[in-house]
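> So that we are looking at the same thing, I have put the structure below in structure tokens.
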Amino acid sequence: MSDTAFPRLDRRVLADDGDALHFCSTCAFSQACLSQGMDKSALMDLHVLVEHVGPLHAGDHVFREGDPFDAIAAVRAGTVKTYVVDADGHEHVLGFHLPGEVIGLNAIDGEHYPCNAVALDTVMLCRFSFPKISVLATRVPGLQQHLFRLLSRDIGNAALLAGDWSADQRMAAFLIGLSRRLSARGFSAERFQLTMARTDIANYLRLAPETVSRVLKRFQDDGLLKVDRRELELLRRDQLEAMAAPILRH
Amino acid sequence: MPSPAFDPLLLRRYDRPGPRYTSYPTAPQFQHGFGEAQLRDAARASNGDPIPRRLSLYVHVPFCMSPCFYCGCNRIITRDLARADTYLTRLYREIGMTAELFDRDREVIQLHFGGGTPNFLSPAQLQELVDCLRRHFLFSSSPDRDLSIELDPRYIDPAGIAELATIGFNRASLGVQDFNPVVQAAVNRIQSVEETRAVVDACRVHGFRSVNIDLIYGLPKQSIDGFARTLDTVVAMRPDRLAVYSYAHLPELFKAQRQIDAADLPDADTKLSLLQLAIDRLTDAGYVYIGMDHFALPDDELARAQERGSLHRNFMGYTTHADSDLIGLGVSAISHIGDSFSQNPRDLPSWQIAIDEGRLPVFRGMRLDEDDLLRADLIQQLMCQGEIPIAALERRYAIDFDGYFAEALDKLAPLVDDGLVRREPGRIVATTRGRLLLRNIAMCFDRYLDPPATADTAPRFSRAI
């Protein structure tokens with residue numbers, strides 16, 4: 001288990017050892033593709049391009065709402081935020097996407113991206129692009145299903161909206177969610193940076209920014225975690241898991 | 001921390017120009033390409049922390065009634081009190097523009113007035129200024145909130161101190177330098193013991209939690225006997241803190257110093273003896289040597305913070321408020337927000353024009369990279385705790401210390417041989433001899449001093465002693 005604290009990188013987390021014919025050892029798409037009997041040369045025959053993209057810098061968009069849909073992408077390094085803007089011009093954060101997670105999947109049924117995706121820090125992507133998604137779906141029917149399994153195991157808006165959860169529970173669920181996802185990717189489960197700004201966390205959890213800070217300060221005072229600038233260290237993961245359980249169960 | 005050991009030969013050998021490290025990187029490294037946009041980015045990023053840091057405010061009041069010849073600070077000599085009004089008008093605009101950059105729930109835990117002479121402003125003006133700050137910033141109600149002010153005791157009386165206390169000031173720093181009349185005449189600062197004592201007493205009576213007195217050694221016409229009398233007089237007033245600065249004679253840089261005849265300056269041996277005298281007298285009187293030029297009584301919070309390992313150092317000197325972002329207001333003021341430094345213009349007209357044009361008066365600054373942050377952390381620990389915590393730094397920055405700092409350790413080798421520092425498992429410690437030469441140790445880790453300053457280069461910094 002790597003001790004590397006996200007977003008620091010090491011070889012185990014970010015490999016660049018693939019080529020035109022072979023997936024990288026840490027490729028997010030390889031399992032899904034290989035499970036359908038698609039190796040890289042087979043993909044090439046279908047005009048599917050799997051290529052490394054980036055670095056994107058904080059503020060650079062990966063795609064914008066309404067752009068024609070022609071690719072999905074796996075985050076290789078950094079953090080991507082997806083969001084929509086409502087009629088009043090207010091931003092609503094849909095989620096945060098960490099290394100190994102795939103974005104653009106919610107477009108696969110449509111012809112345009114239904115949301116915006118923006119890099120929050122220095123982001124590297126692997127772009128999985130195709131001329132026509134319908135062609136791919138016909139030729140490789142199971143692929144889409146497998147790709148959907150790459151959707152992040154995040155709390156999800158549905159879960160958050162479903163219940164009358166307290167601020168503490170939302171915060172705990174958010175932190176445990178991050179911890180689990182990072183740990184699954186080889187990062188430390190206890191020590192990681194919050195690469196997303198306070199306002200983004202607040203927006204996502206439907207809390208006021210001041211509340212996010214107040215809850216974290218209290219968690220810190222109670223010995224559940226330590227906060228130092230952007231870096232978090234979970235000290236009592238068990239207690240946070242217990243708080244988060246009702247939400248994460250959804 | 002134990003008392004520093006005084007080795008005159010060693011101190012003379014290491015007496016070479018170097019920065020005081022009130023920041024790392026130091027102000028000369030700030031870039032002109034860093035402007036308002038970059039400052040806004042830095043403020044925005046600092047608001048993005050899950051628990052954004054609290055705020056320390058620094059306000060610069062550049063005016064002085066009369067010139068002290070030793071001074072190298074940013075100041076404007078004037079007797080025209082109306083200049084304070086025009087300065088304040090613009091300062092209020094700057095406060096309004098600057099406060100907007102920071103999330104409203106970030107509390108002000110510290111407010112410090114420096115200069116110049118902050119009490120060039122009347123208590124009524126200071127009240128108005130603090131009121132303005134309170135309107136634009138959320139002031140913490142925590143008991144360890146500090147409102148401090150540097151004062152020239154010649155221009156304030158006990159009634160004025162009472163008014164300052166009402167405004168909320170709870171710490172004061174008084175300029176003295178030397179009570180010897182001969183020295184005072186040579187530096188144009190005639191200040192009686194009585195008027196000084198009256199201000200110190202008034203601070204105590206009106207509940208100030210600490211009083212600091214500034215002294216300077218190496219001034220023209222200073223003598224061992226004269227300085228000994230000054231020390232005795234000051235110790236009798238029992239200030240909570242003392243800063244004993246070395247006079248840096250740099251007349252090429254500081255015009256006022258041209259009025260000082262270099263022939264009147266104590267020679268290097270005498271200067272060292274003056275420092276030794278200060279250390280001996282103050283230590284005998286029960287003061288603790290904090291580091292660099294600062295002494296404090298053992299139950300003063302600086303001494304206690306040092307013992308706990310939570311002492312910090314910034315442009316305002318030693319402080320207990322490590323975990324705050326610093327916002328500088330007024331001409332020449334320096335800010336430290338997140339991973340950035342920025343400085344206001346050092347001349348009044350440029351500062352005025354920027355504000356009149358509705359722009360934040362950013363003159364220069366820089367964004368620290370990972371290497372800067374690591375070295376800044378290292379130098380902080382060295383200046384405050386007298387040691388370099390190797391193990392902690394390795395963990396925090398994911399480095400192999402010896403590999404990363406191979407060059408620095410080469411530069412440090414002669415200091416190890418001279419017994420200034422000692423390598424122990426997991427840390428490098430300044431010895432009692434090294435405690436007076438923390439600057440020299442820090443210089444080994446300063447990436448911007450490569451190649452190291454020799455005696456030939458034009459000095460931009462004062463000498464280390």
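In the structure tokens, each chain is lettered A, B, ... as it comes, each chain's residues begin at 1, and ligands are numbered from 1 in order of appearance.
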If you count only C-alpha atoms, which residues fall within 9 Å of Ala73 in chain A, apart from same-chain ones fewer than 5 positions away, as an mmCIF file with C-alpha atoms, in the first residue's frame?


```cif
data_model
loop_
_atom_site.group_PDB
_atom_site.id
_atom_site.type_symbol
_atom_site.label_atom_id
_atom_site.label_comp_id
_atom_site.auth_asym_id
_atom_site.auth_seq_id
_atom_site.Cartn_x
_atom_site.Cartn_y
_atom_site.Cartn_z
ATOM 1 C CA VAL A 62 -11.627 19.552 -20.463
ATOM 2 C CA GLU A 101 -11.698 8.028 -12.586
ATOM 3 C CA VAL A 102 -13.397 8.662 -15.879
ATOM 4 C CA ILE A 103 -15.246 11.788 -16.970
ATOM 5 C CA GLY A 104 -17.685 12.302 -19.829
ATOM 6 C CA LEU A 105 -19.465 9.043 -19.150
ATOM 7 C CA LEU A 125 -5.675 12.875 -18.812
ATOM 8 C CA CYS A 126 -5.948 9.843 -20.977
ATOM 9 C CA ARG A 127 -8.366 10.650 -23.734
ATOM 10 C CA PHE A 128 -10.427 7.820 -25.165
ATOM 11 C CA SER A 129 -11.906 9.301 -28.310
#
```

> Give me, as number ranges by chain, the contact residues of chain A against chain B at a cut-off of 7 Å, counting only C-alpha atoms.

A: 197-199, 210, 213, 229-230

> Find the residues around Asp200 in chain A up to 10 Å (only C-alpha atoms counted), leave out those fewer than 3 positions away in its own chain, and share them as a PyMOL selection string.

(chain A and resi 81+83+91-96+196-197+203-207+209) or (chain B and resi 48)

> What does the file look like for those residues with C-alpha atoms, as a CSV table (one decimal), in the first residue's frame?


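And here's out.csv as it stands now:
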```csv
chain,number,residue,atom,x,y,z
A,81,LYS,CA,-14.5,19.3,-11.2
A,83,TYR,CA,-20.4,21.4,-12.8
A,91,GLU,CA,-22.7,27.2,-10.5
A,92,HIS,CA,-23.7,23.8,-9.2
A,93,VAL,CA,-20.9,21.3,-8.6
A,94,LEU,CA,-21.7,17.8,-9.7
A,95,GLY,CA,-18.6,16.1,-8.5
A,96,PHE,CA,-14.8,15.8,-8.2
A,196,MET,CA,-10.8,21.5,-4.3
A,197,ALA,CA,-11.5,24.9,-2.8
A,203,ASN,CA,-21.4,23.9,-3.1
A,204,TYR,CA,-21.2,20.2,-3.6
A,205,LEU,CA,-22.3,19.4,-0.1
A,206,ARG,CA,-25.0,22.1,-0.1
A,207,LEU,CA,-23.5,23.8,2.9
A,209,PRO,CA,-18.5,27.7,3.2
B,48,GLY,CA,-9.9,28.1,-0.7
```

> Quick one: residues within 12 Å of Arg423 in chain B, only C-alpha atoms, excluding same-chain residues fewer than 2 positions away - as a PDB file with C-alpha atoms, in the first residue's frame?


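Final file, part08.pdb:
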```pdb
ATOM      1  CA  GLU B 387      17.415  23.822  15.023  1.00  0.00           C
ATOM      2  CA  ILE B 388      16.641  22.262  11.656  1.00  0.00           C
ATOM      3  CA  PRO B 389      14.129  19.411  12.044  1.00  0.00           C
ATOM      4  CA  ILE B 390      15.434  17.080   9.331  1.00  0.00           C
ATOM      5  CA  ASP B 402      21.184  14.903   2.630  1.00  0.00           C
ATOM      6  CA  LEU B 409      25.627  20.898   3.682  1.00  0.00           C
ATOM      7  CA  LEU B 412      27.638  24.242   6.358  1.00  0.00           C
ATOM      8  CA  ALA B 413      30.714  22.042   6.886  1.00  0.00           C
ATOM      9  CA  LEU B 415      30.347  25.964  10.526  1.00  0.00           C
ATOM     10  CA  VAL B 416      30.177  22.434  11.863  1.00  0.00           C
ATOM     11  CA  ASP B 417      33.960  22.440  12.245  1.00  0.00           C
ATOM     12  CA  GLY B 419      31.271  24.347  16.494  1.00  0.00           C
ATOM     13  CA  LEU B 420      28.347  26.542  15.454  1.00  0.00           C
ATOM     14  CA  VAL B 421      26.079  23.615  14.658  1.00  0.00           C
ATOM     15  CA  PRO B 425      19.940  11.979  14.437  1.00  0.00           C
ATOM     16  CA  GLY B 426      16.998  13.639  12.713  1.00  0.00           C
ATOM     17  CA  ARG B 427      18.120  17.223  13.197  1.00  0.00           C
ATOM     18  CA  ILE B 428      20.816  19.880  13.012  1.00  0.00           C
ATOM     19  CA  VAL B 429      21.113  21.949  16.179  1.00  0.00           C
ATOM     20  CA  ALA B 430      22.683  25.369  16.712  1.00  0.00           C
ATOM     21  CA  THR B 431      25.080  25.176  19.637  1.00  0.00           C
TER      22      THR B 431
END
```

> For the structure I just gave you, how does DSSP split range 41-140 of chain A - specifically, which residues are strand (DSSP E or B)? Reply as a ChimeraX atom specification.

/A:49-56,61-63,68,71-77,80-85,91-97,102-103,112,116-119,123-129

> Could the residues in this selection be saved with N, CA and C atoms as a short mmCIF file (atom, residue, chain, number, x, y, z; two decimals), in the first residue's frame?


```cif
data_model
loop_
_atom_site.label_atom_id
_atom_site.label_comp_id
_atom_site.auth_asym_id
_atom_site.auth_seq_id
_atom_site.Cartn_x
_atom_site.Cartn_y
_atom_site.Cartn_z
N LEU A 49 -9.04 6.31 -30.47
CA LEU A 49 -7.73 6.84 -30.14
C LEU A 49 -7.57 6.90 -28.62
N VAL A 50 -6.55 6.26 -28.12
CA VAL A 50 -6.27 6.33 -26.69
C VAL A 50 -4.96 7.09 -26.53
N GLU A 51 -5.02 8.29 -26.06
CA GLU A 51 -3.80 9.12 -26.02
C GLU A 51 -3.71 9.95 -24.74
N HIS A 52 -2.47 10.19 -24.34
CA HIS A 52 -2.24 11.02 -23.16
C HIS A 52 -2.38 12.50 -23.53
N VAL A 53 -3.07 13.21 -22.67
CA VAL A 53 -3.33 14.63 -22.92
C VAL A 53 -2.93 15.44 -21.69
N GLY A 54 -2.36 16.61 -21.97
CA GLY A 54 -2.03 17.49 -20.84
C GLY A 54 -0.56 17.80 -20.80
N PRO A 55 -0.09 18.56 -19.80
CA PRO A 55 -0.86 18.94 -18.62
C PRO A 55 -1.83 20.09 -18.86
N LEU A 56 -3.00 19.95 -18.26
CA LEU A 56 -3.94 21.07 -18.20
C LEU A 56 -3.66 21.80 -16.89
N HIS A 61 -10.54 24.08 -19.20
CA HIS A 61 -11.68 23.17 -19.31
C HIS A 61 -11.32 21.95 -20.14
N VAL A 62 -11.80 20.78 -19.70
CA VAL A 62 -11.63 19.55 -20.46
C VAL A 62 -12.70 19.51 -21.54
N PHE A 63 -13.91 19.83 -21.15
CA PHE A 63 -15.00 20.03 -22.11
C PHE A 63 -16.03 20.95 -21.48
N PRO A 68 -19.85 19.07 -28.68
CA PRO A 68 -20.15 17.76 -29.26
C PRO A 68 -19.34 16.68 -28.55
N ALA A 71 -15.44 12.05 -26.94
CA ALA A 71 -14.41 11.35 -26.16
C ALA A 71 -14.81 11.28 -24.70
N ILE A 72 -14.31 10.27 -24.03
CA ILE A 72 -14.33 10.27 -22.57
C ILE A 72 -12.87 10.34 -22.14
N ALA A 73 -12.64 10.64 -20.90
CA ALA A 73 -11.25 10.79 -20.47
C ALA A 73 -11.08 10.24 -19.07
N ALA A 74 -9.94 9.64 -18.84
CA ALA A 74 -9.59 9.19 -17.49
C ALA A 74 -8.60 10.18 -16.91
N VAL A 75 -8.82 10.55 -15.67
CA VAL A 75 -7.87 11.43 -14.99
C VAL A 75 -6.64 10.60 -14.61
N ARG A 76 -5.48 11.05 -15.02
CA ARG A 76 -4.24 10.35 -14.65
C ARG A 76 -3.56 11.04 -13.48
N ALA A 77 -3.69 12.35 -13.43
CA ALA A 77 -3.09 13.11 -12.33
C ALA A 77 -3.92 14.36 -12.11
N VAL A 80 -10.33 16.95 -11.35
CA VAL A 80 -11.23 17.62 -12.28
C VAL A 80 -12.58 17.83 -11.59
N LYS A 81 -13.17 18.96 -11.80
CA LYS A 81 -14.49 19.26 -11.23
C LYS A 81 -15.50 19.31 -12.36
N THR A 82 -16.62 18.64 -12.17
CA THR A 82 -17.71 18.79 -13.13
C THR A 82 -18.80 19.65 -12.52
N TYR A 83 -19.42 20.49 -13.34
CA TYR A 83 -20.42 21.42 -12.81
C TYR A 83 -21.36 21.85 -13.92
N VAL A 84 -22.52 22.35 -13.53
CA VAL A 84 -23.44 22.99 -14.47
C VAL A 84 -23.71 24.40 -13.96
N VAL A 85 -24.20 25.21 -14.85
CA VAL A 85 -24.56 26.58 -14.49
C VAL A 85 -26.05 26.74 -14.73
N GLU A 91 -23.38 28.42 -10.25
CA GLU A 91 -22.69 27.17 -10.51
C GLU A 91 -23.17 26.11 -9.54
N HIS A 92 -23.39 24.90 -10.05
CA HIS A 92 -23.69 23.76 -9.19
C HIS A 92 -22.66 22.68 -9.44
N VAL A 93 -21.92 22.34 -8.42
CA VAL A 93 -20.87 21.34 -8.55
C VAL A 93 -21.50 19.96 -8.58
N LEU A 94 -21.15 19.17 -9.62
CA LEU A 94 -21.68 17.82 -9.73
C LEU A 94 -20.78 16.79 -9.08
N GLY A 95 -19.47 17.05 -9.12
CA GLY A 95 -18.57 16.09 -8.50
C GLY A 95 -17.12 16.43 -8.74
N PHE A 96 -16.26 15.68 -8.07
CA PHE A 96 -14.81 15.81 -8.22
C PHE A 96 -14.28 14.47 -8.72
N HIS A 97 -13.32 14.53 -9.64
CA HIS A 97 -12.82 13.31 -10.27
C HIS A 97 -11.33 13.20 -10.07
N VAL A 102 -13.12 8.30 -14.49
CA VAL A 102 -13.40 8.66 -15.88
C VAL A 102 -14.46 9.75 -15.94
N ILE A 103 -14.26 10.72 -16.80
CA ILE A 103 -15.25 11.79 -16.97
C ILE A 103 -15.82 11.76 -18.38
N HIS A 112 -24.07 15.50 -26.91
CA HIS A 112 -23.32 16.63 -26.37
C HIS A 112 -23.01 16.38 -24.90
N ASN A 116 -20.00 20.82 -17.61
CA ASN A 116 -18.64 21.33 -17.81
C ASN A 116 -17.67 20.52 -16.97
N ALA A 117 -16.44 20.37 -17.47
CA ALA A 117 -15.39 19.72 -16.69
C ALA A 117 -14.17 20.62 -16.72
N VAL A 118 -13.68 20.99 -15.53
CA VAL A 118 -12.57 21.93 -15.44
C VAL A 118 -11.48 21.37 -14.54
N ALA A 119 -10.23 21.61 -14.92
CA ALA A 119 -9.10 21.19 -14.11
C ALA A 119 -8.99 22.11 -12.89
N VAL A 123 -3.52 18.88 -14.31
CA VAL A 123 -4.24 17.65 -14.63
C VAL A 123 -3.65 16.97 -15.86
N MET A 124 -3.49 15.68 -15.76
CA MET A 124 -3.09 14.86 -16.92
C MET A 124 -4.25 13.90 -17.17
N LEU A 125 -4.54 13.71 -18.45
CA LEU A 125 -5.68 12.87 -18.81
C LEU A 125 -5.25 11.80 -19.79
N CYS A 126 -6.07 10.77 -19.86
CA CYS A 126 -5.95 9.84 -20.98
C CYS A 126 -7.26 9.95 -21.74
N ARG A 127 -7.18 10.38 -22.95
CA ARG A 127 -8.37 10.65 -23.73
C ARG A 127 -8.71 9.43 -24.59
N PHE A 128 -9.94 9.00 -24.45
CA PHE A 128 -10.43 7.82 -25.16
C PHE A 128 -11.45 8.36 -26.16
N SER A 129 -11.00 8.63 -27.37
CA SER A 129 -11.91 9.30 -28.31
C SER A 129 -12.33 8.36 -29.44
#
```

> Can you work out which one of A:Asp88, A:Glu111, A:Asp168, A:Asp3 has the shortest atom-to-atom distance to Met243 in chain A, counting only C-alpha atoms?

A:Asp168

> What are the DSSP alpha helix (DSSP H) residues of range 104-314 of chain B, as a PyMOL selection string?

chain B and resi 123-136+158-167+181-187+193-205+224-237+268-284+301-308

> What does the structure give for the distance between CA of Trp351 in chain B and CA of Gly115 in chain B, in Å to one decimal?

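Computing the Euclidean distance for CA of Trp351 in chain B and CA of Gly115 in chain B yields 15.3 Å.
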
> Would you list the contacts of range 134-137 of chain B as a count of residues only, taking every protein, DNA or RNA residue within 12 Å and counting only C-alpha atoms, but skipping same-chain residues closer than 6 positions in sequence?

29

> Given only C-alpha atoms as the basis, pick out the residue of A:Tyr113, A:Phe6, A:Phe148, A:Phe130 nearest to Ala32 in chain A.

A:Phe148

> Have a look at B:Glu357, B:Glu150, B:Asp225, B:Asp201 and name the one nearest to Phe179 in chain B; count only C-alpha atoms.

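Result for the nearest residue to Phe179 in chain B: B:Asp225.
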
> Counting only C-alpha atoms, which residue out of A:Ala245, A:Leu234, A:Ala208, A:Gly223 sits closest to Arg191 in chain A?

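Smallest separation from Arg191 in chain A among the options: A:Leu234.
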
> Can you pull out the residues contacting Asp293 in chain B? Cut-off 9 Å, using only C-alpha atoms, and skip same-chain residues under 3 positions away; I want them as a PyMOL selection string.

chain B and resi 242-246+289-290+436

> From the list A:Asp121, A:Asp221, A:Glu233, A:Glu241, which residue is nearest Ala172 in chain A when using only C-alpha atoms?

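Checking each candidate against Ala172 in chain A, we get A:Glu241 as the closest.
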